[in-house]
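Shown next, in structure tokens, is the structure this report addresses.
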Amino acid sequence: SSAKLALIGESGIGKTALLADALDRATGMRALRARGIESESEVPFASLLELLRPALGMLTQLSEPQREALEGALALRPGVAHERFAVGAATLGLLAAFSEPGPVVVLIDDAHWLDGASAQALLFAVRRLVADPIAVLIAVREEEPSLLDGADLPTLRIDGLSRQDTARLIPGLPTSTAQRLHEATGGNPLAMLELA
């Protein structure tokens, strides 16, 4: 069966590291990955193409209307209008086809920067995954608009490191310095490393 989880936290809190760890632990699973890029957030379907590229060999398993819609959206065929429902349905169909040989992990980082067209297609598909052996992890920066808004997906808020973990992050740091560093950064690992 399918599993979905969104990781939400401030910049530098460790969402990308958690996705990398999930990938390392996904033994026996094939991975589909995408990362939202701020400079490409206005390019329709850029992130969807990045995510689905390893699965494009399975396009022939889709119905003709879905295949044509997805090929048009991803600029794999000329001049087809992008019908949102058909592209979302085709994304769902392609994910299901890709998971037929075995389980799949879908990792989407910086999802707050996905282009709107990709975000809509992915949300349509992810919300409808039920029985397919697909695990979806989506990382989103806190307080940023994203595909998660109103999506009703399970979420996990990622908080800063504890005081004890702060001391372990930077070995040899005096306890008083580690405590001040923790207070100044709220336990944000990236902020701590930048200040240390």
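To be explicit about the labels: the chains of the structure tokens are called A, B, and onward in the order shown, and within each one the residues are counted from 1, while ligands get numbers from 1 in the order they are shown.
Running DSSP on the backbone gives strand (DSSP E) for these residues within stretch 44-180 of chain A: A:Val104, A:Val105, A:Val106, A:Leu107, A:Ile108, A:Asp109, A:Ile134, A:Ala135, A:Val136, A:Leu137, A:Ile138, A:Ala139, A:Val140, A:Arg141, A:Thr155, A:Leu156, A:Arg157.
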Task: Backbone DSSP call of alpha helix (DSSP H) for stretch 33-147 of chain A, listed as a ChimeraX atom specification - done: /A:46-52,64-73,84-99,116-128
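Using only C-alpha atoms, the smallest distance between any of A:Ala184, A:Leu153, A:Val43, A:Val105 and A:Thr166 comes from A:Ala184.
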Each residue of stretch 53-162 of chain A lying at most 12 Å from stretch 21-28 of chain A should get a row with its shortest atom-to-atom pair and the distance in Å to one decimal, counting only C-alpha atoms; could you produce that, ordered by chain and increasing number, as CSV?
```
residue,atom,partner,partner_atom,distance
A:Ser99,CA,A:Gly28,CA,11.9
A:Pro101,CA,A:Gly28,CA,11.0
A:Gly102,CA,A:Gly28,CA,8.0
A:Pro103,CA,A:Gly28,CA,7.5
A:Val104,CA,A:Ala26,CA,8.6
A:Val105,CA,A:Ala26,CA,7.2
A:Val106,CA,A:Leu23,CA,9.2
A:Leu107,CA,A:Leu23,CA,8.0
A:Ile108,CA,A:Leu23,CA,11.3
A:Pro133,CA,A:Gly28,CA,11.8
A:Ile134,CA,A:Ala26,CA,11.1
A:Ala135,CA,A:Ala26,CA,9.5
A:Val136,CA,A:Ala22,CA,10.4
A:Leu137,CA,A:Ala22,CA,8.6
A:Ile138,CA,A:Ala22,CA,11.3
A:Ala139,CA,A:Ala22,CA,11.9
```
- [ ] Show which residues sit within 7 Å of A:Ala121, as a list in words. Count only C-alpha atoms, and ignore same-chain residues fewer than 4 positions away.
- [x] Val87, Gly88, Thr91, Ala117 and Ala125 of chain A
Take the residues from that selection and write them out as a PDB file, in the first residue's frame, keeping N, CA and C atoms.
```pdb
ATOM      1  N   VAL A  87      -3.380  15.374 -17.328  1.00  0.00           N
ATOM      2  CA  VAL A  87      -1.979  15.318 -16.923  1.00  0.00           C
ATOM      3  C   VAL A  87      -1.866  14.716 -15.521  1.00  0.00           C
ATOM      4  N   GLY A  88      -2.743  15.101 -14.613  1.00  0.00           N
ATOM      5  CA  GLY A  88      -2.737  14.519 -13.266  1.00  0.00           C
ATOM      6  C   GLY A  88      -3.030  13.031 -13.298  1.00  0.00           C
ATOM      7  N   THR A  91      -0.044  11.223 -14.667  1.00  0.00           N
ATOM      8  CA  THR A  91       1.008  11.146 -13.652  1.00  0.00           C
ATOM      9  C   THR A  91       0.722  10.004 -12.693  1.00  0.00           C
ATOM     10  N   ALA A 117       2.120  24.054 -12.286  1.00  0.00           N
ATOM     11  CA  ALA A 117       1.584  22.953 -13.087  1.00  0.00           C
ATOM     12  C   ALA A 117       2.055  21.605 -12.546  1.00  0.00           C
ATOM     13  N   ALA A 125      -2.029  13.216  -8.194  1.00  0.00           N
ATOM     14  CA  ALA A 125      -1.594  11.819  -8.169  1.00  0.00           C
ATOM     15  C   ALA A 125      -1.373  11.326  -6.742  1.00  0.00           C
TER      16      ALA A 125
END
```
- [ ] Could you tell me which of A:Ala34, A:Ala55, A:Ile13, A:Val140 comes closest to A:Gly187 if we count only C-alpha atoms?
- [x]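 Result for the nearest residue to A:Gly187: A:Ile13.
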Task: Who sits within 8 Å of A:Ser41, only C-alpha atoms, same chain under 2 positions skipped, as number ranges by chain - done: A: 36-39, 43-44, 113-116
Any chance you could export the current selection's all heavy atoms as a PDB file, in the first residue's frame?
```pdb
ATOM      1  N   GLY A  36      12.365  21.329  -6.157  1.00  0.00           N
ATOM      2  CA  GLY A  36      11.900  22.614  -6.640  1.00  0.00           C
ATOM      3  C   GLY A  36      13.056  23.591  -6.703  1.00  0.00           C
ATOM      4  O   GLY A  36      13.891  23.622  -5.801  1.00  0.00           O
ATOM      5  N   ILE A  37      13.109  24.355  -7.776  1.00  0.00           N
ATOM      6  CA  ILE A  37      14.182  25.335  -7.960  1.00  0.00           C
ATOM      7  C   ILE A  37      13.523  26.693  -8.173  1.00  0.00           C
ATOM      8  O   ILE A  37      12.698  26.854  -9.077  1.00  0.00           O
ATOM      9  CB  ILE A  37      15.077  24.959  -9.163  1.00  0.00           C
ATOM     10  CG1 ILE A  37      15.717  23.591  -8.906  1.00  0.00           C
ATOM     11  CG2 ILE A  37      16.123  26.024  -9.421  1.00  0.00           C
ATOM     12  CD1 ILE A  37      16.452  23.023 -10.092  1.00  0.00           C
ATOM     13  N   GLU A  38      13.884  27.632  -7.328  1.00  0.00           N
ATOM     14  CA  GLU A  38      13.226  28.944  -7.347  1.00  0.00           C
ATOM     15  C   GLU A  38      13.258  29.574  -8.736  1.00  0.00           C
ATOM     16  O   GLU A  38      12.252  30.103  -9.205  1.00  0.00           O
ATOM     17  CB  GLU A  38      13.872  29.860  -6.318  1.00  0.00           C
ATOM     18  CG  GLU A  38      13.144  31.167  -6.134  1.00  0.00           C
ATOM     19  CD  GLU A  38      13.721  31.997  -5.008  1.00  0.00           C
ATOM     20  OE1 GLU A  38      14.850  31.732  -4.574  1.00  0.00           O
ATOM     21  OE2 GLU A  38      13.023  32.933  -4.576  1.00  0.00           O
ATOM     22  N   SER A  39      14.390  29.492  -9.431  1.00  0.00           N
ATOM     23  CA  SER A  39      14.510  30.136 -10.744  1.00  0.00           C
ATOM     24  C   SER A  39      13.673  29.432 -11.819  1.00  0.00           C
ATOM     25  O   SER A  39      13.460  29.998 -12.890  1.00  0.00           O
ATOM     26  CB  SER A  39      15.978  30.182 -11.183  1.00  0.00           C
ATOM     27  OG  SER A  39      16.492  28.867 -11.331  1.00  0.00           O
ATOM     28  N   VAL A  43       8.367  27.835 -14.812  1.00  0.00           N
ATOM     29  CA  VAL A  43       8.466  26.990 -16.009  1.00  0.00           C
ATOM     30  C   VAL A  43       7.512  25.815 -15.838  1.00  0.00           C
ATOM     31  O   VAL A  43       7.760  24.916 -15.033  1.00  0.00           O
ATOM     32  CB  VAL A  43       9.906  26.473 -16.221  1.00  0.00           C
ATOM     33  CG1 VAL A  43       9.988  25.600 -17.464  1.00  0.00           C
ATOM     34  CG2 VAL A  43      10.889  27.636 -16.302  1.00  0.00           C
ATOM     35  N   PRO A  44       6.392  25.803 -16.589  1.00  0.00           N
ATOM     36  CA  PRO A  44       5.397  24.747 -16.392  1.00  0.00           C
ATOM     37  C   PRO A  44       5.974  23.344 -16.600  1.00  0.00           C
ATOM     38  O   PRO A  44       6.682  23.083 -17.571  1.00  0.00           O
ATOM     39  CB  PRO A  44       4.334  25.048 -17.450  1.00  0.00           C
ATOM     40  CG  PRO A  44       4.529  26.479 -17.811  1.00  0.00           C
ATOM     41  CD  PRO A  44       5.987  26.760 -17.625  1.00  0.00           C
ATOM     42  N   TRP A 113       8.935  25.440  -4.056  1.00  0.00           N
ATOM     43  CA  TRP A 113       9.385  26.076  -5.289  1.00  0.00           C
ATOM     44  C   TRP A 113       8.975  25.297  -6.540  1.00  0.00           C
ATOM     45  O   TRP A 113       9.425  25.629  -7.642  1.00  0.00           O
ATOM     46  CB  TRP A 113      10.901  26.261  -5.283  1.00  0.00           C
ATOM     47  CG  TRP A 113      11.365  27.397  -4.421  1.00  0.00           C
ATOM     48  CD1 TRP A 113      10.709  28.567  -4.169  1.00  0.00           C
ATOM     49  CD2 TRP A 113      12.597  27.473  -3.702  1.00  0.00           C
ATOM     50  NE1 TRP A 113      11.450  29.367  -3.351  1.00  0.00           N
ATOM     51  CE2 TRP A 113      12.615  28.723  -3.047  1.00  0.00           C
ATOM     52  CE3 TRP A 113      13.683  26.625  -3.559  1.00  0.00           C
ATOM     53  CZ2 TRP A 113      13.672  29.139  -2.256  1.00  0.00           C
ATOM     54  CZ3 TRP A 113      14.744  27.035  -2.763  1.00  0.00           C
ATOM     55  CH2 TRP A 113      14.733  28.284  -2.118  1.00  0.00           C
ATOM     56  N   LEU A 114       8.149  24.269  -6.397  1.00  0.00           N
ATOM     57  CA  LEU A 114       7.667  23.578  -7.596  1.00  0.00           C
ATOM     58  C   LEU A 114       6.866  24.550  -8.442  1.00  0.00           C
ATOM     59  O   LEU A 114       6.126  25.390  -7.915  1.00  0.00           O
ATOM     60  CB  LEU A 114       6.762  22.404  -7.218  1.00  0.00           C
ATOM     61  CG  LEU A 114       7.376  21.212  -6.511  1.00  0.00           C
ATOM     62  CD1 LEU A 114       6.293  20.178  -6.221  1.00  0.00           C
ATOM     63  CD2 LEU A 114       8.499  20.599  -7.319  1.00  0.00           C
ATOM     64  N   ASP A 115       6.987  24.409  -9.754  1.00  0.00           N
ATOM     65  CA  ASP A 115       6.110  25.203 -10.616  1.00  0.00           C
ATOM     66  C   ASP A 115       4.673  24.754 -10.376  1.00  0.00           C
ATOM     67  O   ASP A 115       4.413  23.608 -10.009  1.00  0.00           O
ATOM     68  CB  ASP A 115       6.520  25.031 -12.079  1.00  0.00           C
ATOM     69  CG  ASP A 115       6.396  23.596 -12.548  1.00  0.00           C
ATOM     70  OD1 ASP A 115       7.353  22.818 -12.354  1.00  0.00           O
ATOM     71  OD2 ASP A 115       5.332  23.249 -13.096  1.00  0.00           O
ATOM     72  N   GLY A 116       3.742  25.674 -10.578  1.00  0.00           N
ATOM     73  CA  GLY A 116       2.341  25.398 -10.271  1.00  0.00           C
ATOM     74  C   GLY A 116       1.764  24.216 -11.022  1.00  0.00           C
ATOM     75  O   GLY A 116       1.001  23.420 -10.464  1.00  0.00           O
TER      76      GLY A 116
END
```
May I have the residues within 8 Å of A:Arg163 as a PDB file with C-alpha atoms, in the first residue's frame, using only C-alpha atoms and disregarding those fewer than 2 positions away in the same chain?
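Ended up saving to selection21.pdb:
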```pdb
ATOM      1  CA  LEU A 161      18.269  20.058  17.610  1.00  0.00           C
ATOM      2  CA  ASP A 165      22.564  17.299  20.068  1.00  0.00           C
ATOM      3  CA  THR A 166      23.962  20.797  19.557  1.00  0.00           C
ATOM      4  CA  ALA A 167      27.043  19.829  21.582  1.00  0.00           C
ATOM      5  CA  ALA A 178      27.149  25.166  22.770  1.00  0.00           C
ATOM      6  CA  GLN A 179      24.321  26.480  24.977  1.00  0.00           C
ATOM      7  CA  HIS A 182      21.650  26.700  20.689  1.00  0.00           C
ATOM      8  CA  GLY A 187      18.764  24.402  17.286  1.00  0.00           C
TER       9      GLY A 187
END
```
- [ ] Determine, counting only C-alpha atoms, which protein, DNA and RNA residues have an atom within 10 Å of an atom of A:Leu56; residues of the same chain fewer than 5 positions away are not included. Present the result as a ChimeraX atom specification.
- [x] /A:49,51,70-71,94-95,98
Task: Atom-to-atom span, atom CA of A:Leu190 and atom CA of A:Asp149, Å - done: 25.9 Å
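Each of A:Val130, A:Leu52, A:Leu5, A:Ala96 was compared to A:Leu32 using only C-alpha atoms, and A:Leu52 turns out to be the nearest.
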